[in-house]
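Listing of model30.txt; format and content: compact mmCIF, N, CA and C atoms.
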```txt
# COMPACT_ATOMS: atom_id res chain seq x y z
N MET A 1 29.00 -52.61 -2.63
CA MET A 1 28.49 -52.65 -1.26
C MET A 1 27.46 -51.53 -1.09
N LYS A 2 26.48 -51.85 -0.25
CA LYS A 2 25.40 -50.91 0.00
C LYS A 2 25.19 -50.86 1.51
N ILE A 3 24.86 -49.68 2.03
CA ILE A 3 24.69 -49.51 3.47
C ILE A 3 23.20 -49.57 3.81
N CYS A 4 22.87 -50.43 4.78
CA CYS A 4 21.49 -50.61 5.21
C CYS A 4 21.05 -49.40 6.03
N GLN A 5 19.89 -48.86 5.70
CA GLN A 5 19.35 -47.70 6.40
C GLN A 5 18.93 -48.05 7.83
N LYS A 6 18.62 -49.30 8.09
CA LYS A 6 18.15 -49.73 9.41
C LYS A 6 19.31 -50.02 10.37
N CYS A 7 20.23 -50.91 9.95
CA CYS A 7 21.29 -51.35 10.87
C CYS A 7 22.63 -50.65 10.62
N GLY A 8 22.78 -49.96 9.49
CA GLY A 8 24.00 -49.24 9.18
C GLY A 8 25.15 -50.11 8.69
N LYS A 9 24.89 -51.40 8.49
CA LYS A 9 25.95 -52.31 8.02
C LYS A 9 26.10 -52.21 6.50
N ALA A 10 27.36 -52.29 6.06
CA ALA A 10 27.64 -52.33 4.62
C ALA A 10 27.59 -53.78 4.17
N LYS A 11 26.71 -54.08 3.23
CA LYS A 11 26.52 -55.45 2.76
C LYS A 11 26.43 -55.47 1.24
N PRO A 12 26.64 -56.64 0.62
CA PRO A 12 26.52 -56.74 -0.84
C PRO A 12 25.09 -56.41 -1.28
N ALA A 13 24.97 -55.88 -2.46
CA ALA A 13 23.66 -55.46 -2.98
C ALA A 13 22.67 -56.61 -3.03
N ARG A 14 23.15 -57.85 -3.21
CA ARG A 14 22.24 -58.99 -3.31
C ARG A 14 21.45 -59.24 -2.02
N GLU A 15 21.88 -58.63 -0.90
CA GLU A 15 21.15 -58.78 0.36
C GLU A 15 20.00 -57.78 0.48
N PHE A 16 19.81 -56.96 -0.52
CA PHE A 16 18.74 -55.97 -0.56
C PHE A 16 17.75 -56.37 -1.65
N ASN A 17 16.47 -56.47 -1.30
CA ASN A 17 15.46 -56.79 -2.31
C ASN A 17 15.34 -55.65 -3.32
N PHE A 18 14.80 -55.98 -4.48
CA PHE A 18 14.55 -54.95 -5.48
C PHE A 18 13.32 -54.14 -5.11
N ALA A 19 13.43 -52.82 -5.24
CA ALA A 19 12.27 -51.94 -5.13
C ALA A 19 11.64 -51.83 -6.51
N ASN A 20 12.49 -51.82 -7.53
CA ASN A 20 12.04 -51.79 -8.92
C ASN A 20 13.04 -52.61 -9.74
N ARG A 21 12.67 -53.83 -10.05
CA ARG A 21 13.58 -54.74 -10.75
C ARG A 21 13.92 -54.23 -12.14
N ALA A 22 12.96 -53.65 -12.85
CA ALA A 22 13.21 -53.18 -14.22
C ALA A 22 14.28 -52.08 -14.25
N LYS A 23 14.24 -51.21 -13.24
CA LYS A 23 15.23 -50.12 -13.19
C LYS A 23 16.44 -50.50 -12.34
N ARG A 24 16.44 -51.75 -11.82
CA ARG A 24 17.55 -52.26 -11.00
C ARG A 24 17.76 -51.42 -9.73
N ILE A 25 16.67 -50.92 -9.16
CA ILE A 25 16.73 -50.12 -7.93
C ILE A 25 16.44 -51.04 -6.75
N ARG A 26 17.29 -50.97 -5.74
CA ARG A 26 17.15 -51.83 -4.56
C ARG A 26 16.58 -51.03 -3.38
N HIS A 27 15.94 -51.75 -2.44
CA HIS A 27 15.44 -51.13 -1.22
C HIS A 27 16.60 -50.59 -0.38
N LYS A 28 16.27 -49.72 0.57
CA LYS A 28 17.30 -49.11 1.41
C LYS A 28 17.64 -49.96 2.63
N ARG A 29 16.79 -50.97 2.93
CA ARG A 29 17.04 -51.85 4.07
C ARG A 29 17.33 -53.26 3.57
N ARG A 30 18.23 -53.94 4.27
CA ARG A 30 18.54 -55.33 3.92
C ARG A 30 17.30 -56.21 4.10
N ARG A 31 17.27 -57.30 3.40
CA ARG A 31 16.16 -58.26 3.47
C ARG A 31 15.95 -58.71 4.92
N GLU A 32 17.03 -59.02 5.62
CA GLU A 32 16.96 -59.49 7.00
C GLU A 32 16.36 -58.42 7.92
N CYS A 33 16.78 -57.18 7.76
CA CYS A 33 16.24 -56.08 8.58
C CYS A 33 14.76 -55.84 8.27
N THR A 34 14.41 -55.92 7.00
CA THR A 34 13.01 -55.75 6.60
C THR A 34 12.15 -56.84 7.22
N ASN A 35 12.63 -58.09 7.17
CA ASN A 35 11.89 -59.20 7.76
C ASN A 35 11.71 -59.01 9.26
N THR A 36 12.77 -58.58 9.94
CA THR A 36 12.70 -58.34 11.38
C THR A 36 11.68 -57.24 11.69
N MET A 37 11.72 -56.17 10.92
CA MET A 37 10.77 -55.07 11.13
C MET A 37 9.34 -55.54 10.91
N SER A 38 9.13 -56.35 9.88
CA SER A 38 7.79 -56.86 9.58
C SER A 38 7.29 -57.75 10.71
N ARG A 39 8.15 -58.65 11.19
CA ARG A 39 7.76 -59.53 12.30
C ARG A 39 7.43 -58.72 13.55
N ASP A 40 8.26 -57.73 13.87
CA ASP A 40 8.03 -56.89 15.04
C ASP A 40 6.72 -56.11 14.91
N HIS A 41 6.49 -55.57 13.72
CA HIS A 41 5.25 -54.81 13.49
C HIS A 41 4.04 -55.71 13.66
N TYR A 42 4.10 -56.92 13.11
CA TYR A 42 2.98 -57.86 13.25
C TYR A 42 2.76 -58.21 14.72
N ALA A 43 3.85 -58.48 15.45
CA ALA A 43 3.74 -58.84 16.87
C ALA A 43 3.08 -57.72 17.68
N LYS A 44 3.45 -56.47 17.39
CA LYS A 44 2.88 -55.32 18.10
C LYS A 44 1.43 -55.08 17.73
N ASN A 45 1.03 -55.46 16.52
CA ASN A 45 -0.31 -55.16 16.01
C ASN A 45 -1.10 -56.42 15.70
N LYS A 46 -0.77 -57.53 16.36
CA LYS A 46 -1.39 -58.81 16.06
C LYS A 46 -2.91 -58.77 16.21
N GLY A 47 -3.37 -58.11 17.26
CA GLY A 47 -4.82 -58.01 17.48
C GLY A 47 -5.53 -57.34 16.32
N ALA A 48 -4.96 -56.26 15.82
CA ALA A 48 -5.58 -55.54 14.70
C ALA A 48 -5.58 -56.40 13.44
N TYR A 49 -4.47 -57.12 13.19
CA TYR A 49 -4.41 -57.99 12.01
C TYR A 49 -5.46 -59.11 12.10
N LYS A 50 -5.56 -59.72 13.28
CA LYS A 50 -6.52 -60.81 13.46
C LYS A 50 -7.95 -60.29 13.37
N ASN A 51 -8.20 -59.11 13.92
CA ASN A 51 -9.53 -58.53 13.85
C ASN A 51 -9.91 -58.23 12.40
N ARG A 52 -8.98 -57.67 11.64
CA ARG A 52 -9.23 -57.37 10.23
C ARG A 52 -9.55 -58.66 9.46
N ALA A 53 -8.80 -59.72 9.74
CA ALA A 53 -9.03 -61.00 9.07
C ALA A 53 -10.39 -61.57 9.47
N ARG A 54 -10.76 -61.45 10.74
CA ARG A 54 -12.05 -61.95 11.21
C ARG A 54 -13.19 -61.19 10.54
N VAL A 55 -13.06 -59.88 10.45
CA VAL A 55 -14.10 -59.06 9.81
C VAL A 55 -14.25 -59.47 8.34
N PHE A 56 -13.12 -59.65 7.65
CA PHE A 56 -13.17 -60.07 6.25
C PHE A 56 -13.83 -61.44 6.11
N SER A 57 -13.43 -62.39 6.97
CA SER A 57 -13.99 -63.74 6.90
C SER A 57 -15.49 -63.74 7.17
N ASP A 58 -15.91 -63.00 8.19
CA ASP A 58 -17.34 -62.91 8.50
C ASP A 58 -18.11 -62.32 7.33
N ARG A 59 -17.56 -61.29 6.72
CA ARG A 59 -18.20 -60.64 5.57
C ARG A 59 -18.28 -61.62 4.39
N GLN A 60 -17.20 -62.33 4.14
CA GLN A 60 -17.17 -63.27 3.02
C GLN A 60 -18.18 -64.40 3.23
N ARG A 61 -18.26 -64.91 4.47
CA ARG A 61 -19.24 -65.97 4.76
C ARG A 61 -20.66 -65.48 4.53
N ARG A 62 -20.95 -64.26 4.99
CA ARG A 62 -22.29 -63.70 4.81
C ARG A 62 -22.63 -63.56 3.33
N ILE A 63 -21.69 -63.02 2.57
CA ILE A 63 -21.90 -62.85 1.12
C ILE A 63 -22.11 -64.22 0.47
N ASN A 64 -21.30 -65.20 0.85
CA ASN A 64 -21.43 -66.54 0.28
C ASN A 64 -22.82 -67.12 0.53
N HIS A 65 -23.29 -67.02 1.77
CA HIS A 65 -24.60 -67.57 2.11
C HIS A 65 -25.71 -66.84 1.37
N GLU A 66 -25.57 -65.53 1.21
CA GLU A 66 -26.57 -64.77 0.45
C GLU A 66 -26.60 -65.22 -1.01
N GLU A 67 -25.43 -65.44 -1.59
CA GLU A 67 -25.35 -65.86 -3.00
C GLU A 67 -25.90 -67.27 -3.19
N VAL A 68 -25.62 -68.17 -2.26
CA VAL A 68 -26.16 -69.53 -2.35
C VAL A 68 -27.68 -69.47 -2.25
N LEU A 69 -28.21 -68.66 -1.34
CA LEU A 69 -29.66 -68.52 -1.20
C LEU A 69 -30.27 -67.95 -2.48
N LYS A 70 -29.65 -66.91 -3.05
CA LYS A 70 -30.15 -66.34 -4.32
C LYS A 70 -30.18 -67.40 -5.41
N TYR A 71 -29.13 -68.19 -5.47
CA TYR A 71 -29.04 -69.24 -6.50
C TYR A 71 -30.17 -70.24 -6.32
N LEU A 72 -30.39 -70.67 -5.08
CA LEU A 72 -31.46 -71.65 -4.82
C LEU A 72 -32.84 -71.06 -5.10
N GLN A 73 -33.02 -69.77 -4.80
CA GLN A 73 -34.31 -69.13 -5.06
C GLN A 73 -34.61 -69.04 -6.55
N SER A 74 -33.58 -69.00 -7.37
CA SER A 74 -33.80 -68.88 -8.81
C SER A 74 -33.68 -70.23 -9.54
N HIS A 75 -33.43 -71.31 -8.81
CA HIS A 75 -33.31 -72.63 -9.42
C HIS A 75 -34.17 -73.63 -8.64
N PRO A 76 -35.39 -73.90 -9.09
CA PRO A 76 -36.23 -74.90 -8.41
C PRO A 76 -35.71 -76.31 -8.66
N CYS A 77 -36.28 -77.27 -7.99
CA CYS A 77 -35.91 -78.68 -8.15
C CYS A 77 -36.08 -79.08 -9.61
N VAL A 78 -35.07 -79.73 -10.17
CA VAL A 78 -35.11 -80.12 -11.59
C VAL A 78 -36.11 -81.25 -11.83
N ASP A 79 -36.53 -81.96 -10.78
CA ASP A 79 -37.46 -83.07 -10.94
C ASP A 79 -38.91 -82.67 -10.70
N CYS A 80 -39.17 -82.03 -9.57
CA CYS A 80 -40.57 -81.73 -9.21
C CYS A 80 -40.89 -80.24 -9.19
N GLU A 81 -39.90 -79.40 -9.43
CA GLU A 81 -40.04 -77.94 -9.47
C GLU A 81 -40.38 -77.31 -8.13
N GLU A 82 -40.10 -78.00 -7.04
CA GLU A 82 -40.22 -77.40 -5.71
C GLU A 82 -39.29 -76.20 -5.65
N ALA A 83 -39.79 -75.06 -5.13
CA ALA A 83 -39.00 -73.83 -5.16
C ALA A 83 -38.60 -73.31 -3.78
N ASN A 84 -39.02 -73.98 -2.72
CA ASN A 84 -38.69 -73.52 -1.37
C ASN A 84 -37.21 -73.80 -1.09
N PRO A 85 -36.39 -72.74 -0.94
CA PRO A 85 -34.95 -72.94 -0.76
C PRO A 85 -34.58 -73.71 0.50
N VAL A 86 -35.50 -73.78 1.46
CA VAL A 86 -35.23 -74.51 2.70
C VAL A 86 -35.02 -76.00 2.43
N VAL A 87 -35.71 -76.55 1.43
CA VAL A 87 -35.63 -77.99 1.16
C VAL A 87 -34.76 -78.32 -0.05
N LEU A 88 -34.19 -77.31 -0.69
CA LEU A 88 -33.38 -77.56 -1.89
C LEU A 88 -31.94 -77.92 -1.52
N GLN A 89 -31.37 -78.81 -2.32
CA GLN A 89 -30.01 -79.28 -2.11
C GLN A 89 -29.26 -79.31 -3.43
N PHE A 90 -27.95 -79.30 -3.34
CA PHE A 90 -27.11 -79.40 -4.53
C PHE A 90 -26.76 -80.87 -4.75
N ASP A 91 -27.07 -81.37 -5.94
CA ASP A 91 -26.77 -82.75 -6.30
C ASP A 91 -25.64 -82.73 -7.32
N HIS A 92 -24.47 -83.17 -6.92
CA HIS A 92 -23.31 -83.18 -7.82
C HIS A 92 -23.52 -84.24 -8.90
N VAL A 93 -23.65 -83.81 -10.13
CA VAL A 93 -23.88 -84.74 -11.25
C VAL A 93 -22.82 -84.63 -12.33
N ARG A 94 -22.04 -83.54 -12.33
CA ARG A 94 -21.01 -83.33 -13.35
C ARG A 94 -19.66 -83.12 -12.68
N GLY A 95 -18.63 -83.63 -13.27
CA GLY A 95 -17.27 -83.39 -12.78
C GLY A 95 -17.00 -84.06 -11.45
N THR A 96 -15.91 -83.66 -10.85
CA THR A 96 -15.49 -84.21 -9.56
C THR A 96 -15.89 -83.25 -8.45
N LYS A 97 -16.52 -83.81 -7.42
CA LYS A 97 -16.96 -83.00 -6.29
C LYS A 97 -15.75 -82.57 -5.46
N ASP A 98 -15.57 -81.26 -5.31
CA ASP A 98 -14.46 -80.74 -4.51
C ASP A 98 -14.88 -80.52 -3.06
N GLY A 99 -16.19 -80.44 -2.80
CA GLY A 99 -16.66 -80.25 -1.44
C GLY A 99 -18.14 -79.94 -1.41
N ASP A 100 -18.71 -79.96 -0.20
CA ASP A 100 -20.10 -79.57 -0.03
C ASP A 100 -20.20 -78.06 -0.14
N ILE A 101 -21.16 -77.60 -0.90
CA ILE A 101 -21.26 -76.16 -1.17
C ILE A 101 -21.53 -75.39 0.11
N SER A 102 -22.38 -75.91 0.98
CA SER A 102 -22.67 -75.18 2.23
C SER A 102 -21.41 -75.07 3.09
N ARG A 103 -20.61 -76.13 3.12
CA ARG A 103 -19.37 -76.09 3.90
C ARG A 103 -18.38 -75.12 3.26
N MET A 104 -18.30 -75.12 1.94
CA MET A 104 -17.38 -74.22 1.24
C MET A 104 -17.77 -72.76 1.50
N ALA A 105 -19.09 -72.50 1.53
CA ALA A 105 -19.57 -71.14 1.79
C ALA A 105 -19.20 -70.72 3.21
N THR A 106 -19.37 -71.62 4.16
CA THR A 106 -19.05 -71.33 5.56
C THR A 106 -17.56 -71.14 5.77
N GLN A 107 -16.74 -71.84 5.00
CA GLN A 107 -15.29 -71.69 5.11
C GLN A 107 -14.83 -70.35 4.55
N GLY A 108 -15.71 -69.64 3.84
CA GLY A 108 -15.35 -68.33 3.31
C GLY A 108 -14.58 -68.40 2.01
N LEU A 109 -14.72 -69.50 1.26
CA LEU A 109 -14.04 -69.60 -0.03
C LEU A 109 -14.59 -68.55 -0.99
N SER A 110 -13.88 -68.29 -2.05
CA SER A 110 -14.27 -67.24 -2.98
C SER A 110 -15.57 -67.59 -3.70
N LEU A 111 -16.29 -66.56 -4.15
CA LEU A 111 -17.51 -66.78 -4.91
C LEU A 111 -17.21 -67.54 -6.20
N LYS A 112 -16.07 -67.26 -6.79
CA LYS A 112 -15.68 -67.96 -8.02
C LYS A 112 -15.63 -69.46 -7.76
N THR A 113 -15.01 -69.86 -6.67
CA THR A 113 -14.91 -71.28 -6.31
C THR A 113 -16.29 -71.87 -6.07
N LEU A 114 -17.15 -71.12 -5.36
CA LEU A 114 -18.50 -71.59 -5.09
C LEU A 114 -19.28 -71.79 -6.39
N PHE A 115 -19.22 -70.80 -7.29
CA PHE A 115 -19.98 -70.90 -8.53
C PHE A 115 -19.44 -72.02 -9.42
N GLU A 116 -18.13 -72.25 -9.39
CA GLU A 116 -17.57 -73.37 -10.15
C GLU A 116 -18.11 -74.69 -9.62
N GLU A 117 -18.24 -74.79 -8.31
CA GLU A 117 -18.78 -76.03 -7.72
C GLU A 117 -20.27 -76.16 -8.00
N MET A 118 -21.01 -75.04 -7.94
CA MET A 118 -22.45 -75.09 -8.22
C MET A 118 -22.72 -75.48 -9.67
N ALA A 119 -21.81 -75.13 -10.57
CA ALA A 119 -21.98 -75.48 -11.98
C ALA A 119 -21.94 -76.99 -12.19
N LYS A 120 -21.37 -77.72 -11.25
CA LYS A 120 -21.30 -79.18 -11.34
C LYS A 120 -22.57 -79.84 -10.83
N CYS A 121 -23.52 -79.03 -10.36
CA CYS A 121 -24.68 -79.57 -9.66
C CYS A 121 -26.00 -79.28 -10.36
N ASP A 122 -26.96 -80.16 -10.08
CA ASP A 122 -28.36 -79.88 -10.34
C ASP A 122 -28.97 -79.59 -8.98
N VAL A 123 -30.01 -78.75 -8.97
CA VAL A 123 -30.70 -78.45 -7.71
C VAL A 123 -31.87 -79.41 -7.60
N ARG A 124 -31.95 -80.10 -6.47
CA ARG A 124 -33.06 -81.02 -6.21
C ARG A 124 -33.58 -80.77 -4.80
N CYS A 125 -34.88 -81.01 -4.61
CA CYS A 125 -35.41 -80.95 -3.25
C CYS A 125 -34.88 -82.18 -2.52
N ALA A 126 -34.92 -82.15 -1.20
CA ALA A 126 -34.36 -83.24 -0.41
C ALA A 126 -35.01 -84.57 -0.77
N ASN A 127 -36.32 -84.58 -0.98
CA ASN A 127 -37.03 -85.82 -1.31
C ASN A 127 -36.54 -86.40 -2.63
N CYS A 128 -36.51 -85.59 -3.68
CA CYS A 128 -36.06 -86.07 -4.99
C CYS A 128 -34.59 -86.48 -4.96
N HIS A 129 -33.79 -85.76 -4.19
CA HIS A 129 -32.37 -86.08 -4.08
C HIS A 129 -32.18 -87.47 -3.46
N ILE A 130 -32.89 -87.72 -2.38
CA ILE A 130 -32.80 -89.02 -1.72
C ILE A 130 -33.30 -90.12 -2.64
N LEU A 131 -34.43 -89.89 -3.30
CA LEU A 131 -34.97 -90.90 -4.21
C LEU A 131 -34.02 -91.20 -5.36
N ARG A 132 -33.40 -90.17 -5.90
CA ARG A 132 -32.47 -90.37 -7.03
C ARG A 132 -31.32 -91.28 -6.61
N HIS A 133 -30.73 -90.98 -5.46
CA HIS A 133 -29.59 -91.79 -5.02
C HIS A 133 -30.03 -93.19 -4.58
N HIS A 134 -31.24 -93.31 -4.06
CA HIS A 134 -31.77 -94.63 -3.71
C HIS A 134 -31.90 -95.48 -4.97
N HIS A 135 -32.45 -94.90 -6.02
CA HIS A 135 -32.61 -95.63 -7.29
C HIS A 135 -31.25 -96.01 -7.87
N GLU A 136 -30.27 -95.13 -7.75
CA GLU A 136 -28.92 -95.45 -8.25
C GLU A 136 -28.34 -96.65 -7.50
N ARG A 137 -28.52 -96.66 -6.18
CA ARG A 137 -28.01 -97.78 -5.39
C ARG A 137 -28.74 -99.08 -5.72
N GLU A 138 -30.06 -98.98 -5.92
CA GLU A 138 -30.85 -100.17 -6.25
C GLU A 138 -30.44 -100.74 -7.60
N GLU A 139 -30.16 -99.86 -8.56
CA GLU A 139 -29.75 -100.32 -9.89
C GLU A 139 -28.38 -100.98 -9.84
N GLY A 140 -27.55 -100.57 -8.91
CA GLY A 140 -26.20 -101.11 -8.80
C GLY A 140 -26.15 -102.49 -8.17
N ARG A 141 -27.25 -102.95 -7.61
CA ARG A 141 -27.26 -104.26 -6.93
C ARG A 141 -27.39 -105.39 -7.90
```
Represent the structure contained in this file as structure tokens.
Amino acid sequence: MKICQKCGKAKPAREFNFANRAKRIRHKRRRECTNTMSRDHYAKNKGAYKNRARVFSDRQRRINHEEVLKYLQSHPCVDCEEANPVVLQFDHVRGTKDGDISRMATQGLSLKTLFEEMAKCDVRCANCHILRHHHEREEGR
């Protein structure tokens, strides 16, 4: 039996999480008391937690958009070599499309995920992209 530092109740050791599993050392508070304390702390500081998450998300979105722009600036259209990033688009030609890259960037997904998706694409200007898919549809008829 072990006594909880928070509630003072004597309970079996299995009700206490490990502080160090290798050394078999358990925390001083029961799992239930720790969970209650965590929930109370979050409730009292919810605004700060949400603000921190918002700041991180905004930062991640900004970084994502900067990286997508850098990628487009260094990859002209594979068909006509147009280099203006305003008209460049990602054309999924390899693998399975998991999502639109611009949407993934706005959602704040990791750069790793974005680059994995960009690796499945060729960069084409809007005109060449539309023409390519038009020709594919025409050939399919």
### Message
According to DSSP computed on the backbone, where in stretch 5-118 of chain A is there helix (DSSP H, G or I)? Give the residues as a ChimeraX atom specification.
### Response
/A:13-15,31-44,46-74,101-106,111-118
Contact residues around A:His129 with only C-alpha atoms at 12 Å, ignoring same-chain residues under 2 positions, as a JSON list (two decimals) with N, CA and C atoms, in the frame of the given file:
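The file below, out.json, is the result:
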```
[["chain", "number", "residue", "atom", "x", "y", "z"],
["A", 77, "CYS", "N", -36.28, -77.27, -7.99],
["A", 77, "CYS", "CA", -35.91, -78.68, -8.15],
["A", 77, "CYS", "C", -36.08, -79.08, -9.61],
["A", 78, "VAL", "N", -35.07, -79.73, -10.17],
["A", 78, "VAL", "CA", -35.11, -80.12, -11.59],
["A", 78, "VAL", "C", -36.11, -81.25, -11.83],
["A", 79, "ASP", "N", -36.53, -81.96, -10.78],
["A", 79, "ASP", "CA", -37.46, -83.07, -10.94],
["A", 79, "ASP", "C", -38.91, -82.67, -10.70],
["A", 80, "CYS", "N", -39.17, -82.03, -9.57],
["A", 80, "CYS", "CA", -40.57, -81.73, -9.21],
["A", 80, "CYS", "C", -40.89, -80.24, -9.19],
["A", 82, "GLU", "N", -40.10, -78.00, -7.04],
["A", 82, "GLU", "CA", -40.22, -77.40, -5.71],
["A", 82, "GLU", "C", -39.29, -76.20, -5.65],
["A", 87, "VAL", "N", -35.71, -76.55, 1.43],
["A", 87, "VAL", "CA", -35.63, -77.99, 1.16],
["A", 87, "VAL", "C", -34.76, -78.32, -0.05],
["A", 88, "LEU", "N", -34.19, -77.31, -0.69],
["A", 88, "LEU", "CA", -33.38, -77.56, -1.89],
["A", 88, "LEU", "C", -31.94, -77.92, -1.52],
["A", 89, "GLN", "N", -31.37, -78.81, -2.32],
["A", 89, "GLN", "CA", -30.01, -79.28, -2.11],
["A", 89, "GLN", "C", -29.26, -79.31, -3.43],
["A", 90, "PHE", "N", -27.95, -79.30, -3.34],
["A", 90, "PHE", "CA", -27.11, -79.40, -4.53],
["A", 90, "PHE", "C", -26.76, -80.87, -4.75],
["A", 91, "ASP", "N", -27.07, -81.37, -5.94],
["A", 91, "ASP", "CA", -26.77, -82.75, -6.30],
["A", 91, "ASP", "C", -25.64, -82.73, -7.32],
["A", 92, "HIS", "N", -24.47, -83.17, -6.92],
["A", 92, "HIS", "CA", -23.31, -83.18, -7.82],
["A", 92, "HIS", "C", -23.52, -84.24, -8.90],
["A", 93, "VAL", "N", -23.65, -83.81, -10.13],
["A", 93, "VAL", "CA", -23.88, -84.74, -11.25],
["A", 93, "VAL", "C", -22.82, -84.63, -12.33],
["A", 121, "CYS", "N", -23.52, -79.03, -10.36],
["A", 121, "CYS", "CA", -24.68, -79.57, -9.66],
["A", 121, "CYS", "C", -26.00, -79.28, -10.36],
["A", 122, "ASP", "N", -26.96, -80.16, -10.08],
["A", 122, "ASP", "CA", -28.36, -79.88, -10.34],
["A", 122, "ASP", "C", -28.97, -79.59, -8.98],
["A", 123, "VAL", "N", -30.01, -78.75, -8.97],
["A", 123, "VAL", "CA", -30.70, -78.45, -7.71],
["A", 123, "VAL", "C", -31.87, -79.41, -7.60],
["A", 124, "ARG", "N", -31.95, -80.10, -6.47],
["A", 124, "ARG", "CA", -33.06, -81.02, -6.21],
["A", 124, "ARG", "C", -33.58, -80.77, -4.80],
["A", 125, "CYS", "N", -34.88, -81.01, -4.61],
["A", 125, "CYS", "CA", -35.41, -80.95, -3.25],
["A", 125, "CYS", "C", -34.88, -82.18, -2.52],
["A", 126, "ALA", "N", -34.92, -82.15, -1.20],
["A", 126, "ALA", "CA", -34.36, -83.24, -0.41],
["A", 126, "ALA", "C", -35.01, -84.57, -0.77],
["A", 127, "ASN", "N", -36.32, -84.58, -0.98],
["A", 127, "ASN", "CA", -37.03, -85.82, -1.31],
["A", 127, "ASN", "C", -36.54, -86.40, -2.63],
["A", 131, "LEU", "N", -34.43, -89.89, -3.30],
["A", 131, "LEU", "CA", -34.97, -90.90, -4.21],
["A", 131, "LEU", "C", -34.02, -91.20, -5.36],
["A", 132, "ARG", "N", -33.40, -90.17, -5.90],
["A", 132, "ARG", "CA", -32.47, -90.37, -7.03],
["A", 132, "ARG", "C", -31.32, -91.28, -6.61],
["A", 133, "HIS", "N", -30.73, -90.98, -5.46],
["A", 133, "HIS", "CA", -29.59, -91.79, -5.02],
["A", 133, "HIS", "C", -30.03, -93.19, -4.58],
["A", 134, "HIS", "N", -31.24, -93.31, -4.06],
["A", 134, "HIS", "CA", -31.77, -94.63, -3.71],
["A", 134, "HIS", "C", -31.90, -95.48, -4.97],
["A", 135, "HIS", "N", -32.45, -94.90, -6.02],
["A", 135, "HIS", "CA", -32.61, -95.63, -7.29],
["A", 135, "HIS", "C", -31.25, -96.01, -7.87],
["A", 136, "GLU", "N", -30.27, -95.13, -7.75],
["A", 136, "GLU", "CA", -28.92, -95.45, -8.25],
["A", 136, "GLU", "C", -28.34, -96.65, -7.50]]
```
#### Entry: Non-local contacts of A:His65 (8 Å; all atoms listed in the file; under 6 positions in same chain excluded) as a PyMOL selection string
chain A and resi 59+71+102+104-106
Residues just named, written with N, CA and C atoms as a PDB file, in the coordinates of the input:
```
ATOM      1  N   ARG A  59     -17.560 -61.290   6.720  1.00  0.00           N
ATOM      2  CA  ARG A  59     -18.200 -60.640   5.570  1.00  0.00           C
ATOM      3  C   ARG A  59     -18.280 -61.620   4.390  1.00  0.00           C
ATOM      4  N   TYR A  71     -29.130 -68.190  -5.470  1.00  0.00           N
ATOM      5  CA  TYR A  71     -29.040 -69.240  -6.500  1.00  0.00           C
ATOM      6  C   TYR A  71     -30.170 -70.240  -6.320  1.00  0.00           C
ATOM      7  N   SER A 102     -22.380 -75.910   0.980  1.00  0.00           N
ATOM      8  CA  SER A 102     -22.670 -75.180   2.230  1.00  0.00           C
ATOM      9  C   SER A 102     -21.410 -75.070   3.090  1.00  0.00           C
ATOM     10  N   MET A 104     -18.300 -75.120   1.940  1.00  0.00           N
ATOM     11  CA  MET A 104     -17.380 -74.220   1.240  1.00  0.00           C
ATOM     12  C   MET A 104     -17.770 -72.760   1.500  1.00  0.00           C
ATOM     13  N   ALA A 105     -19.090 -72.500   1.530  1.00  0.00           N
ATOM     14  CA  ALA A 105     -19.570 -71.140   1.790  1.00  0.00           C
ATOM     15  C   ALA A 105     -19.200 -70.720   3.210  1.00  0.00           C
ATOM     16  N   THR A 106     -19.370 -71.620   4.160  1.00  0.00           N
ATOM     17  CA  THR A 106     -19.050 -71.330   5.560  1.00  0.00           C
ATOM     18  C   THR A 106     -17.560 -71.140   5.770  1.00  0.00           C
TER      19      THR A 106
END
```
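Candidate residues A:Ser38, A:Leu72, A:Asn20, A:Phe115 were compared for distance to A:Asn84, and the nearest is A:Leu72, using all atoms listed in the file.
Counting from atom CA of A:Arg54, the distance to atom C of A:Gly108 is 11.5 Å.
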